[in-house]
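Below: work-v9.cif (mmCIF, C-alpha atoms)
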data_query
#
loop_
_atom_site.label_atom_id
_atom_site.label_comp_id
_atom_site.auth_asym_id
_atom_site.auth_seq_id
_atom_site.Cartn_x
_atom_site.Cartn_y
_atom_site.Cartn_z
CA MET A 54 -22.10 -26.42 5.75
CA THR A 55 -23.46 -29.22 3.59
CA VAL A 56 -25.60 -29.30 0.47
CA ASP A 57 -27.30 -32.54 -0.47
CA SER A 58 -25.87 -34.39 -3.45
CA ILE A 59 -28.12 -34.50 -6.47
CA LYS A 60 -29.60 -37.50 -8.22
CA ASN A 61 -30.16 -36.12 -11.71
CA GLY A 62 -28.83 -32.76 -12.77
CA VAL A 63 -25.81 -30.59 -13.37
CA VAL A 64 -22.92 -29.49 -11.18
CA ILE A 65 -20.91 -26.50 -12.34
CA ASP A 66 -17.68 -26.76 -10.39
CA HIS A 67 -14.35 -24.96 -10.14
CA ILE A 68 -15.93 -21.59 -10.82
CA THR A 69 -13.51 -18.78 -10.04
CA ALA A 70 -14.60 -17.38 -6.67
CA GLY A 71 -16.96 -14.48 -7.21
CA LYS A 72 -18.18 -15.50 -10.67
CA GLY A 73 -20.87 -17.91 -9.53
CA MET A 74 -23.64 -15.33 -9.33
CA GLN A 75 -22.82 -14.03 -12.80
CA ILE A 76 -23.14 -17.51 -14.27
CA TYR A 77 -26.34 -18.01 -12.26
CA GLU A 78 -27.84 -14.85 -13.69
CA LEU A 79 -26.70 -15.28 -17.30
CA LEU A 80 -27.98 -18.87 -17.36
CA GLY A 81 -31.32 -17.63 -16.07
CA LEU A 82 -31.27 -20.19 -13.28
CA GLY A 83 -33.49 -17.99 -11.13
CA SER A 84 -36.43 -18.70 -13.42
CA LEU A 85 -36.13 -22.49 -13.24
CA ASP A 86 -38.62 -24.43 -11.12
CA VAL A 87 -36.01 -26.93 -9.92
CA THR A 88 -33.78 -26.74 -6.86
CA VAL A 89 -30.63 -24.72 -7.47
CA ALA A 90 -27.86 -24.33 -4.90
CA ILE A 91 -25.11 -21.76 -5.30
CA MET A 92 -22.14 -22.03 -2.99
CA LYS A 93 -19.65 -19.21 -2.76
CA ASN A 94 -16.09 -19.21 -1.49
CA VAL A 95 -15.87 -22.96 -1.04
CA SER A 96 -12.41 -24.20 0.00
CA SER A 97 -10.53 -25.74 -2.90
CA THR A 98 -7.12 -27.38 -2.94
CA LYS A 99 -6.69 -26.40 -6.59
CA LEU A 100 -8.06 -22.84 -6.55
CA GLY A 101 -7.93 -21.82 -2.88
CA ARG A 102 -11.53 -20.61 -3.12
CA LYS A 103 -14.16 -21.44 -5.67
CA ASP A 104 -17.88 -21.21 -6.35
CA ILE A 105 -20.11 -24.18 -7.16
CA ILE A 106 -23.61 -24.33 -8.65
CA LYS A 107 -25.75 -27.45 -8.29
CA ILE A 108 -28.91 -27.82 -10.33
CA ASP A 109 -31.20 -30.62 -9.21
CA GLY A 110 -33.04 -31.36 -12.42
CA ASP A 111 -32.62 -32.41 -16.00
CA VAL A 112 -31.93 -29.06 -17.65
CA GLU A 113 -30.00 -27.95 -20.73
CA ILE A 114 -27.13 -25.62 -19.88
CA ASN A 115 -25.84 -23.08 -22.37
CA LEU A 116 -22.14 -23.94 -22.21
CA ASP A 117 -21.28 -20.77 -24.12
CA VAL A 118 -22.28 -18.78 -21.03
CA ILE A 119 -19.83 -20.68 -18.87
CA GLY A 120 -17.11 -20.52 -21.53
CA TYR A 121 -17.62 -16.78 -21.72
CA VAL A 122 -17.68 -16.03 -17.99
CA ASP A 123 -15.21 -18.60 -16.73
CA PRO A 124 -13.69 -21.10 -19.19
CA CYS A 125 -11.82 -22.79 -16.34
CA ALA A 126 -15.05 -24.01 -14.73
CA THR A 127 -16.14 -27.63 -15.16
CA VAL A 128 -19.60 -28.97 -15.94
CA ASN A 129 -20.56 -32.39 -14.67
CA ILE A 130 -23.73 -34.20 -15.71
CA ILE A 131 -25.20 -36.41 -13.00
CA ARG A 132 -27.56 -39.34 -13.68
CA ASN A 133 -28.80 -41.66 -10.93
CA SER A 134 -26.35 -40.03 -8.53
CA SER A 135 -23.37 -40.87 -10.75
CA LEU A 136 -21.16 -38.70 -12.85
CA VAL A 137 -21.91 -39.67 -16.46
CA GLU A 138 -20.31 -36.86 -18.44
CA LYS A 139 -17.81 -34.04 -18.05
CA LYS A 140 -18.49 -31.30 -20.55
CA SER A 141 -15.49 -29.56 -22.07
CA ILE A 142 -15.58 -25.80 -21.74
CA ASP A 143 -13.94 -23.33 -24.07
CA MET A 144 -14.40 -19.67 -24.87
CA PRO A 145 -17.03 -19.59 -27.63
CA VAL A 146 -15.99 -17.92 -30.87
CA LEU A 147 -19.47 -16.42 -31.19
CA LEU A 148 -21.65 -15.54 -28.23
CA THR A 149 -25.31 -15.21 -29.18
CA ASP A 150 -28.00 -13.60 -27.03
CA VAL A 151 -26.06 -13.92 -23.79
CA ILE A 152 -25.07 -10.29 -23.27
CA LYS A 153 -26.40 -7.13 -24.88
CA CYS A 154 -24.48 -4.38 -26.62
CA LYS A 155 -24.26 -1.28 -24.42
CA ASN A 156 -23.47 1.12 -27.27
CA PRO A 157 -26.48 3.45 -27.64
CA ARG A 158 -25.53 3.98 -31.29
CA CYS A 159 -25.56 0.25 -32.12
CA ILE A 160 -28.20 -0.95 -34.60
CA THR A 161 -29.36 -3.51 -32.02
CA THR A 162 -30.78 -0.70 -29.88
CA THR A 163 -33.41 0.14 -32.50
CA GLU A 164 -33.91 -3.16 -34.30
CA GLN A 165 -35.19 -5.37 -31.52
CA GLU A 166 -35.44 -8.54 -33.59
CA LEU A 167 -31.67 -8.71 -34.21
CA PRO A 168 -29.76 -11.28 -32.18
CA HIS A 169 -27.08 -9.82 -29.91
CA VAL A 170 -23.92 -11.47 -31.20
CA PHE A 171 -20.38 -10.95 -29.93
CA ARG A 172 -17.21 -12.28 -31.54
CA LEU A 173 -14.14 -13.41 -29.61
CA ALA A 174 -11.68 -10.70 -30.65
CA ASP A 175 -8.80 -11.41 -28.28
CA ARG A 176 -8.57 -14.82 -26.61
CA GLU A 177 -5.58 -13.88 -24.49
CA ASN A 178 -7.28 -10.89 -22.91
CA HIS A 179 -10.76 -12.41 -23.03
CA VAL A 180 -12.21 -9.61 -25.17
CA TYR A 181 -15.50 -9.97 -27.02
CA ARG A 182 -16.75 -7.37 -29.51
CA CYS A 183 -20.21 -6.75 -30.91
CA ILE A 184 -20.37 -8.03 -34.51
CA TYR A 185 -22.38 -4.95 -35.53
CA CYS A 186 -20.51 -2.02 -33.97
CA GLU A 187 -17.37 -3.65 -32.47
CA THR A 188 -18.08 -2.32 -29.00
CA LYS A 189 -16.44 -4.37 -26.28
CA GLY A 190 -18.85 -6.74 -24.56
CA GLU A 191 -19.47 -6.41 -20.86
CA ALA A 192 -20.67 -9.33 -18.84
CA LYS A 193 -23.82 -8.05 -17.26
CA LYS A 194 -27.23 -9.53 -17.39
CA GLY A 195 -28.91 -8.48 -20.64
CA MET B 117 -23.88 -11.39 -50.90
CA ARG B 118 -20.55 -9.79 -50.12
CA GLY B 119 -20.62 -6.31 -48.69
CA VAL B 120 -17.87 -3.82 -48.00
CA ILE B 121 -18.57 -2.66 -44.48
CA ASP B 122 -15.07 -2.08 -43.15
CA ILE B 123 -11.91 -1.22 -45.09
CA LEU B 124 -10.50 -4.53 -43.82
CA ASP B 125 -13.18 -6.37 -45.80
CA LEU B 126 -10.91 -5.58 -48.74
CA SER B 127 -7.57 -7.34 -49.05
CA VAL B 128 -4.40 -5.38 -49.79
CA ALA B 129 -4.38 -6.96 -53.26
CA GLU B 130 -7.95 -5.75 -53.85
CA VAL B 131 -7.16 -2.23 -52.66
CA ASP B 132 -4.07 -2.13 -54.87
CA GLN B 133 -6.11 -3.38 -57.84
CA MET B 134 -8.75 -0.71 -57.19
CA ILE B 135 -6.05 1.95 -57.12
CA ARG B 136 -4.83 0.71 -60.50
CA THR B 137 -8.40 0.74 -61.83
CA ALA B 138 -8.99 4.27 -60.49
CA CYS B 139 -5.79 5.51 -62.14
CA ASP B 140 -6.89 3.91 -65.40
CA ILE B 141 -10.33 5.56 -65.10
CA ILE B 142 -8.58 8.91 -64.64
CA ASP B 143 -6.42 8.34 -67.73
CA ASN B 144 -9.10 6.70 -69.90
CA PRO B 145 -12.56 7.83 -68.75
CA GLU B 146 -14.22 6.96 -72.07
CA LYS B 147 -13.25 3.31 -71.65
CA TYR B 148 -15.50 3.14 -68.57
CA SER B 149 -18.29 5.50 -69.57
CA GLN B 150 -20.79 2.80 -70.61
CA ILE B 151 -19.54 -0.15 -68.60
CA CYS B 152 -22.52 -0.08 -66.17
CA ARG B 153 -25.16 0.77 -68.74
CA GLY B 154 -28.57 -0.50 -67.62
CA LYS B 155 -27.38 -1.10 -64.05
CA LYS B 156 -28.74 0.70 -61.02
CA LEU B 157 -27.15 1.90 -57.81
CA ALA B 158 -29.51 2.58 -54.89
CA THR B 159 -28.20 5.23 -52.53
CA LEU B 160 -30.00 4.78 -49.21
CA PHE B 161 -29.04 7.68 -47.00
CA PHE B 162 -30.80 7.64 -43.65
CA GLU B 163 -28.85 10.61 -42.34
CA PRO B 164 -27.71 13.74 -44.15
CA SER B 165 -24.50 13.55 -46.16
CA THR B 166 -24.67 15.46 -49.39
CA ARG B 167 -21.09 14.95 -50.50
CA THR B 168 -20.87 11.19 -50.04
CA ARG B 169 -24.24 10.64 -51.72
CA LEU B 170 -23.33 12.88 -54.64
CA SER B 171 -19.97 11.17 -54.96
CA PHE B 172 -21.60 7.72 -55.22
CA GLU B 173 -24.18 9.02 -57.66
CA ALA B 174 -21.60 10.81 -59.81
CA ALA B 175 -19.51 7.62 -59.77
CA MET B 176 -22.40 5.52 -61.06
CA TYR B 177 -23.38 8.07 -63.73
CA GLU B 178 -19.78 8.22 -64.98
CA LEU B 179 -19.87 4.44 -65.37
CA GLY B 180 -22.96 4.81 -67.53
CA GLY B 181 -25.34 3.48 -64.87
CA ASN B 182 -28.43 4.88 -63.20
CA VAL B 183 -29.22 5.85 -59.64
CA LEU B 184 -32.20 5.29 -57.33
CA SER B 185 -31.98 7.58 -54.37
CA VAL B 186 -33.35 7.90 -50.85
CA ALA B 187 -32.00 11.12 -49.46
CA SER B 188 -33.26 10.96 -45.88
CA ALA B 189 -34.97 8.66 -43.42
CA ASP B 190 -38.04 10.91 -43.43
CA SER B 191 -38.75 10.13 -47.08
CA SER B 192 -38.33 6.38 -46.79
CA SER B 193 -40.16 3.42 -45.37
CA ALA B 194 -37.84 3.63 -42.35
CA ALA B 195 -40.09 6.48 -41.22
CA LYS B 196 -42.90 3.91 -41.09
CA GLY B 197 -40.76 1.66 -38.94
CA GLU B 198 -39.42 -0.74 -41.54
CA SER B 199 -36.31 -2.60 -40.42
CA VAL B 200 -32.96 -2.29 -42.16
CA SER B 201 -33.16 -6.01 -42.98
CA ASP B 202 -36.49 -5.60 -44.79
CA THR B 203 -35.36 -2.43 -46.55
CA ALA B 204 -32.29 -4.28 -47.85
CA ARG B 205 -34.41 -7.17 -49.14
CA VAL B 206 -36.86 -4.83 -50.85
CA VAL B 207 -34.26 -2.59 -52.46
CA SER B 208 -32.38 -5.66 -53.74
CA CYS B 209 -35.39 -6.22 -56.00
CA TYR B 210 -34.86 -2.85 -57.67
CA ALA B 211 -31.13 -2.20 -57.71
CA ASP B 212 -27.95 -4.03 -58.69
CA ILE B 213 -25.90 -2.54 -55.86
CA ILE B 214 -26.62 -0.52 -52.71
CA ALA B 215 -24.69 2.26 -50.97
CA MET B 216 -26.07 2.86 -47.49
CA ARG B 217 -25.50 5.52 -44.88
CA HIS B 218 -27.25 5.10 -41.56
CA PRO B 219 -26.84 6.74 -38.14
CA LYS B 220 -26.77 3.38 -36.36
CA GLU B 221 -23.49 1.48 -36.16
CA GLY B 222 -23.75 -1.90 -37.84
CA ALA B 223 -26.70 -0.95 -40.06
CA ALA B 224 -24.82 -1.60 -43.30
CA PHE B 225 -23.64 -4.95 -41.94
CA VAL B 226 -27.25 -5.94 -41.25
CA ALA B 227 -28.22 -4.76 -44.74
CA SER B 228 -25.43 -6.78 -46.36
CA LYS B 229 -26.54 -9.93 -44.54
CA ASN B 230 -30.06 -9.56 -45.95
CA ALA B 231 -29.54 -8.03 -49.39
CA SER B 232 -29.16 -10.17 -52.49
CA VAL B 233 -26.97 -7.51 -54.13
CA PRO B 234 -23.65 -6.05 -52.90
CA VAL B 235 -23.91 -3.44 -50.12
CA ILE B 236 -21.35 -0.69 -49.65
CA ASN B 237 -21.20 1.00 -46.27
CA ALA B 238 -21.30 4.74 -46.92
CA GLY B 239 -20.92 5.46 -43.21
CA ASP B 240 -22.60 3.84 -40.20
CA GLY B 241 -22.60 6.29 -37.31
CA GLY B 242 -19.17 6.63 -35.77
CA HIS B 243 -18.15 3.15 -36.84
CA CYS B 244 -16.83 2.71 -40.42
CA HIS B 245 -16.65 4.67 -43.65
CA PRO B 246 -14.53 2.52 -45.96
CA THR B 247 -14.94 4.58 -49.13
CA GLN B 248 -13.50 7.63 -47.37
CA THR B 249 -10.46 5.52 -46.59
CA LEU B 250 -10.26 4.42 -50.22
CA ALA B 251 -10.27 8.10 -51.21
CA ASP B 252 -7.48 8.75 -48.70
CA LEU B 253 -5.39 5.87 -49.99
CA LEU B 254 -5.70 6.96 -53.63
CA THR B 255 -4.77 10.51 -52.65
CA ILE B 256 -1.65 9.40 -50.80
CA PHE B 257 -0.72 7.10 -53.66
CA ARG B 258 -1.18 9.76 -56.34
CA GLU B 259 0.59 12.49 -54.39
CA LYS B 260 3.42 10.48 -52.84
CA GLY B 261 3.70 7.65 -55.38
CA ARG B 262 3.54 5.01 -52.66
CA LEU B 263 1.57 3.81 -49.64
CA GLY B 264 4.54 2.49 -47.67
CA ASP B 265 7.61 4.20 -46.20
CA ILE B 266 5.75 7.29 -45.05
CA THR B 267 5.26 9.16 -41.80
CA VAL B 268 1.61 10.04 -41.31
CA GLY B 269 0.51 12.64 -38.78
CA LEU B 270 -3.10 12.29 -37.64
CA CYS B 271 -4.35 15.44 -35.99
CA GLY B 272 -7.46 16.47 -34.07
CA ASP B 273 -10.19 14.11 -32.95
CA LEU B 274 -8.48 10.74 -32.83
CA LYS B 275 -10.95 9.33 -30.33
CA PHE B 276 -14.23 9.58 -32.23
CA GLY B 277 -12.80 10.06 -35.73
CA ARG B 278 -13.78 6.96 -37.64
CA THR B 279 -11.77 8.03 -40.69
CA VAL B 280 -8.64 8.02 -38.57
CA HIS B 281 -9.19 4.51 -37.18
CA SER B 282 -9.98 3.21 -40.63
CA LEU B 283 -6.92 4.87 -42.20
CA ILE B 284 -4.67 3.44 -39.50
CA ASN B 285 -6.09 -0.03 -40.20
CA ALA B 286 -5.58 0.38 -43.92
CA LEU B 287 -2.06 1.84 -43.84
CA SER B 288 -0.90 -0.62 -41.19
CA ARG B 289 -0.90 -3.26 -43.88
CA TYR B 290 1.90 -1.52 -45.79
CA GLU B 291 5.61 -1.64 -44.94
CA GLY B 292 7.48 1.27 -43.40
CA VAL B 293 4.52 3.33 -42.21
CA LYS B 294 4.98 5.39 -39.05
CA PHE B 295 2.22 7.31 -37.27
CA VAL B 296 2.39 10.53 -35.26
CA LEU B 297 -0.78 10.91 -33.21
CA ILE B 298 -1.49 14.57 -32.51
CA SER B 299 -4.49 15.34 -30.30
CA PRO B 300 -5.61 16.88 -27.04
CA GLU B 301 -5.59 14.50 -24.07
CA GLU B 302 -9.38 14.15 -24.19
CA LEU B 303 -9.41 13.06 -27.83
CA LYS B 304 -6.49 10.64 -27.89
CA LEU B 305 -6.58 7.50 -30.02
CA PRO B 306 -8.51 4.81 -28.08
CA SER B 307 -6.29 2.20 -26.45
CA TYR B 308 -8.02 -0.63 -28.31
CA VAL B 309 -6.82 0.81 -31.64
CA LYS B 310 -3.31 1.21 -30.24
CA ASN B 311 -3.31 -2.29 -28.75
CA ASP B 312 -5.19 -4.18 -31.46
CA VAL B 313 -3.51 -2.57 -34.45
CA LEU B 314 -0.33 -0.62 -33.74
CA LYS B 315 1.20 -2.58 -30.87
CA ARG B 316 0.10 -5.97 -32.16
CA LYS B 317 1.67 -5.33 -35.56
CA GLY B 318 4.72 -3.59 -34.12
CA ILE B 319 4.02 -0.39 -36.03
CA PRO B 320 6.01 2.61 -34.75
CA TYR B 321 4.02 5.55 -33.43
CA THR B 322 4.45 8.55 -31.21
CA GLN B 323 1.83 10.60 -29.38
CA THR B 324 1.96 14.32 -28.84
CA THR B 325 -0.30 17.25 -28.10
CA ASP B 326 1.94 19.61 -30.08
CA LEU B 327 1.20 19.96 -33.81
CA LEU B 328 4.17 22.29 -34.43
CA GLU B 329 6.65 19.92 -32.85
CA ALA B 330 5.45 17.05 -35.06
CA MET B 331 5.24 19.03 -38.31
CA PRO B 332 8.83 18.74 -39.72
CA GLU B 333 8.88 14.94 -39.87
CA LEU B 334 5.50 14.43 -41.56
CA ASP B 335 5.00 13.24 -45.14
CA VAL B 336 1.24 13.35 -44.69
CA LEU B 337 -0.71 15.57 -42.29
CA TYR B 338 -4.26 14.28 -41.90
CA MET B 339 -6.46 16.85 -40.18
CA THR B 340 -9.85 15.93 -38.72
CA ARG B 341 -12.89 17.81 -37.57
CA VAL B 342 -13.96 17.75 -33.97
CA GLN B 343 -17.53 16.64 -34.63
CA ARG B 344 -20.40 17.98 -32.57
CA GLU B 345 -22.53 14.88 -33.19
CA ARG B 346 -19.96 12.56 -31.59
CA PHE B 347 -20.24 14.28 -28.21
CA PHE B 348 -22.87 13.59 -25.59
CA ASN B 349 -21.93 16.80 -23.84
CA GLU B 350 -22.09 20.21 -25.58
CA GLU B 351 -19.69 21.74 -23.06
CA ASP B 352 -16.93 19.27 -23.98
CA TYR B 353 -17.47 19.97 -27.67
CA LEU B 354 -17.17 23.75 -27.30
CA ARG B 355 -14.04 23.44 -25.18
CA LEU B 356 -12.21 21.16 -27.62
CA LYS B 357 -13.37 22.12 -31.10
CA ASP B 358 -10.70 24.73 -31.74
CA SER B 359 -7.80 22.75 -30.32
CA TYR B 360 -5.89 22.43 -33.57
CA ILE B 361 -6.24 24.95 -36.35
CA LEU B 362 -3.85 24.69 -39.29
CA THR B 363 -2.58 28.01 -40.68
CA PRO B 364 0.09 28.94 -43.30
CA GLU B 365 2.38 29.94 -40.40
CA LYS B 366 2.17 26.49 -38.85
CA LEU B 367 2.89 24.91 -42.25
CA LYS B 368 6.20 26.79 -42.58
CA THR B 369 8.15 24.02 -40.89
CA ALA B 370 6.49 21.26 -42.93
CA LYS B 371 8.40 19.38 -45.64
CA ALA B 372 8.20 20.91 -49.08
CA ASP B 373 6.63 17.75 -50.46
CA ALA B 374 4.36 17.03 -47.51
CA ILE B 375 0.63 16.83 -48.18
CA VAL B 376 -2.28 18.10 -46.10
CA MET B 377 -5.42 16.00 -46.09
CA HIS B 378 -8.87 16.33 -44.51
CA PRO B 379 -11.98 14.16 -44.93
CA LEU B 380 -14.16 17.31 -45.11
CA PRO B 381 -16.36 19.08 -44.28
CA ARG B 382 -14.02 21.35 -42.35
CA VAL B 383 -15.31 23.87 -39.89
CA ASN B 384 -12.32 25.99 -39.00
CA GLU B 385 -9.57 23.46 -38.35
CA ILE B 386 -7.82 24.41 -41.62
CA SER B 387 -7.63 28.11 -42.36
CA VAL B 388 -8.86 28.98 -45.89
CA ALA B 389 -5.47 30.65 -46.42
CA VAL B 390 -3.97 27.13 -46.56
CA ASP B 391 -6.13 26.26 -49.60
CA SER B 392 -3.77 27.96 -52.03
CA ASP B 393 -0.73 26.08 -50.68
CA PRO B 394 0.23 23.38 -53.22
CA ARG B 395 0.51 20.94 -50.36
CA ALA B 396 -3.23 21.22 -49.63
CA CYS B 397 -4.83 18.07 -51.07
CA TYR B 398 -8.26 17.93 -49.45
CA PHE B 399 -10.20 18.92 -52.56
CA LYS B 400 -8.23 16.39 -54.60
CA GLN B 401 -9.34 13.85 -52.00
CA VAL B 402 -12.96 14.55 -52.88
CA LEU B 403 -12.31 13.85 -56.55
CA ASN B 404 -10.27 10.77 -55.73
CA GLY B 405 -13.20 9.54 -53.64
CA LYS B 406 -15.38 9.48 -56.75
CA TYR B 407 -12.77 7.50 -58.70
CA MET B 408 -12.33 4.94 -55.94
CA ARG B 409 -16.11 4.57 -55.61
CA MET B 410 -16.21 3.89 -59.35
CA ALA B 411 -13.48 1.27 -58.94
CA LEU B 412 -15.33 -0.31 -55.99
CA ILE B 413 -18.69 -0.41 -57.79
CA LEU B 414 -16.96 -2.03 -60.77
CA MET B 415 -15.21 -4.61 -58.62
CA LEU B 416 -18.37 -5.60 -56.74
CA LEU B 417 -20.60 -5.74 -59.81
CA LYS B 418 -18.03 -7.89 -61.62
CA GLU B 419 -17.76 -10.16 -58.61
CA ALA B 420 -21.55 -10.50 -58.46
CA GLY B 421 -21.61 -11.36 -62.16
CA THR B 422 -23.78 -8.33 -62.92
CA ILE B 423 -21.38 -6.89 -65.49
#
Same coordinates, now as structure tokens:
Amino acid sequence: MTVDSIKNGVVIDHITAGKGMQIYELLGLGSLDVTVAIMKNVSSTKLGRKDIIKIDGDVEINLDVIGYVDPCATVNIIRNSSLVEKKSIDMPVLLTDVIKCKNPRCITTTEQELPHVFRLADRENHVYRCIYCETKGEAKKG
Amino acid sequence: MRGVIDILDLSVAEVDQMIRTACDIIDNPEKYSQICRGKKLATLFFEPSTRTRLSFEAAMYELGGNVLSVASADSSSAAKGESVSDTARVVSCYADIIAMRHPKEGAAFVASKNASVPVINAGDGGHCHPTQTLADLLTIFREKGRLGDITVGLCGDLKFGRTVHSLINALSRYEGVKFVLISPEELKLPSYVKNDVLKRKGIPYTQTTDLLEAMPELDVLYMTRVQRERFFNEEDYLRLKDSYILTPEKLKTAKADAIVMHPLPRVNEISVAVDSDPRACYFKQVLNGKYMRMALILMLLKEAGTI
């Protein structure tokens, strides 16, 4: 199976197999009016299997989303069919308006104007907690 | 402006200083009786809590200050839909310091981010209640003479009990503290508290469902109420609420110098017959709460340059 290479855009590579759709959803790629290809379970010498997302268009990517879901992924910026930049990915210390707090008692459930902010509480175990109520963050589309 | 939302917003040095201040207030009340003259505390209570509100108000009056009070959400602008952020900004124009209780977790944090005066969290849902913990710490200090080298039994609702989580956080910063966690299976201490606090800091603890078995080794027995409002399911509440009831018979195997604490209000988890036992300290805790609130108000107003 082949997917055309892109001229100008973004390639999110080395996504842990199975996490591609989550990144796709949290980045809101479904609402873009550019061509987006998501490839699942692609053979990889490094990972065995991986997911890849190709975005054919000049769009800004929220790297915090990728750092949150899969900090091992890579982000490549393509211009005129050439790789011009590799973005470094790390787990963000603060994650703003990417996921929503699921605690029904959290202040964010009644005060709609508040940003949903999560703090990296445990890097080793990849745990984020709501800055308001300390509930553990769950990576689902907000 | 700095707020005190969680007990961990206060350093050990600050807590120790507040304990010294509280002890000095107890010994020399006249020295502090006019120290906040002309200053105002706003008590914004968006859910019922008579004792905590009265404690804050008594604390401010004993410092010579005045109090502006909102006793329920129904009588405030929150009933008209005003946000916590706006309420905090508005009240900052009237008061020098705010004590806020709110049913939503994180409300006091939001208030502190928007207020231009210090905000004290007087309880935000099931999340934090730092001044209760300050009352607990002063009680342990006054009764035992130390905050380290003690074995603390926490009994009852360890899952939803915010006072328990907060006390564990606070005491974990002192040397030689050991915890005995006594609860039914359904109300055990959440694993994130065990992992994030006890295991990470290497603090010794044991878990049991048997209060009697644990009793002889305890220096402090901290009883908690199984709270109806923390349950989504009435059936679970009714099944578990009477799990641990302390009676004089059960106290027979306790150390002679052990102390029994409870954040109050109690329902029936401590029999009234225990009240006359000299080891019962829960009413002293109430008084100590007022002294620590005085010490906290003083510290924050000094820090803000108000006094």
Apply the PyMOL selection byres ((chain B) within 7 of (chain A)) to the structure shown and report the selected residues as a tab-separated table (two decimals) with C-alpha atoms, in the frame of the given file.
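What landed in out24.tsv:
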chain	number	residue	atom	x	y	z
B	199	SER	CA	-36.31	-2.60	-40.42
B	220	LYS	CA	-26.77	3.38	-36.36
B	221	GLU	CA	-23.49	1.48	-36.16
B	222	GLY	CA	-23.75	-1.90	-37.84
B	223	ALA	CA	-26.70	-0.95	-40.06
B	225	PHE	CA	-23.64	-4.95	-41.94
B	243	HIS	CA	-18.15	3.15	-36.84
- [ ] To verify the selection step, state as a ChimeraX atom specification which residues the PyMOL selection byres ((chain A and resi 116-131) around 6) yields on this input.
- [x] /A:61-68,114-115,132,134-140,142-145
Open item on the list: With the PyMOL selection byres ((chain B and resi 284) around 10) as the selection, what would be picked from this file? Answer as a PyMOL selection string, please.
Closed with: chain B and resi 249+268+270+278-283+285-289+293-295+309-310+313-314
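Here CA of Pro381 in chain B and CA of Phe399 in chain B stand 10.3 Å from one another.
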TODO: May I have the residues within 7 Å of range 206-215 of chain B as number ranges by chain, using all atoms listed in the file and disregarding those fewer than 6 positions away in the same chain?
DONE: B: 155-160, 231-238
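What separates CA of Gly81 in chain A from CA of Leu148 in chain A is a distance of 15.7 Å.
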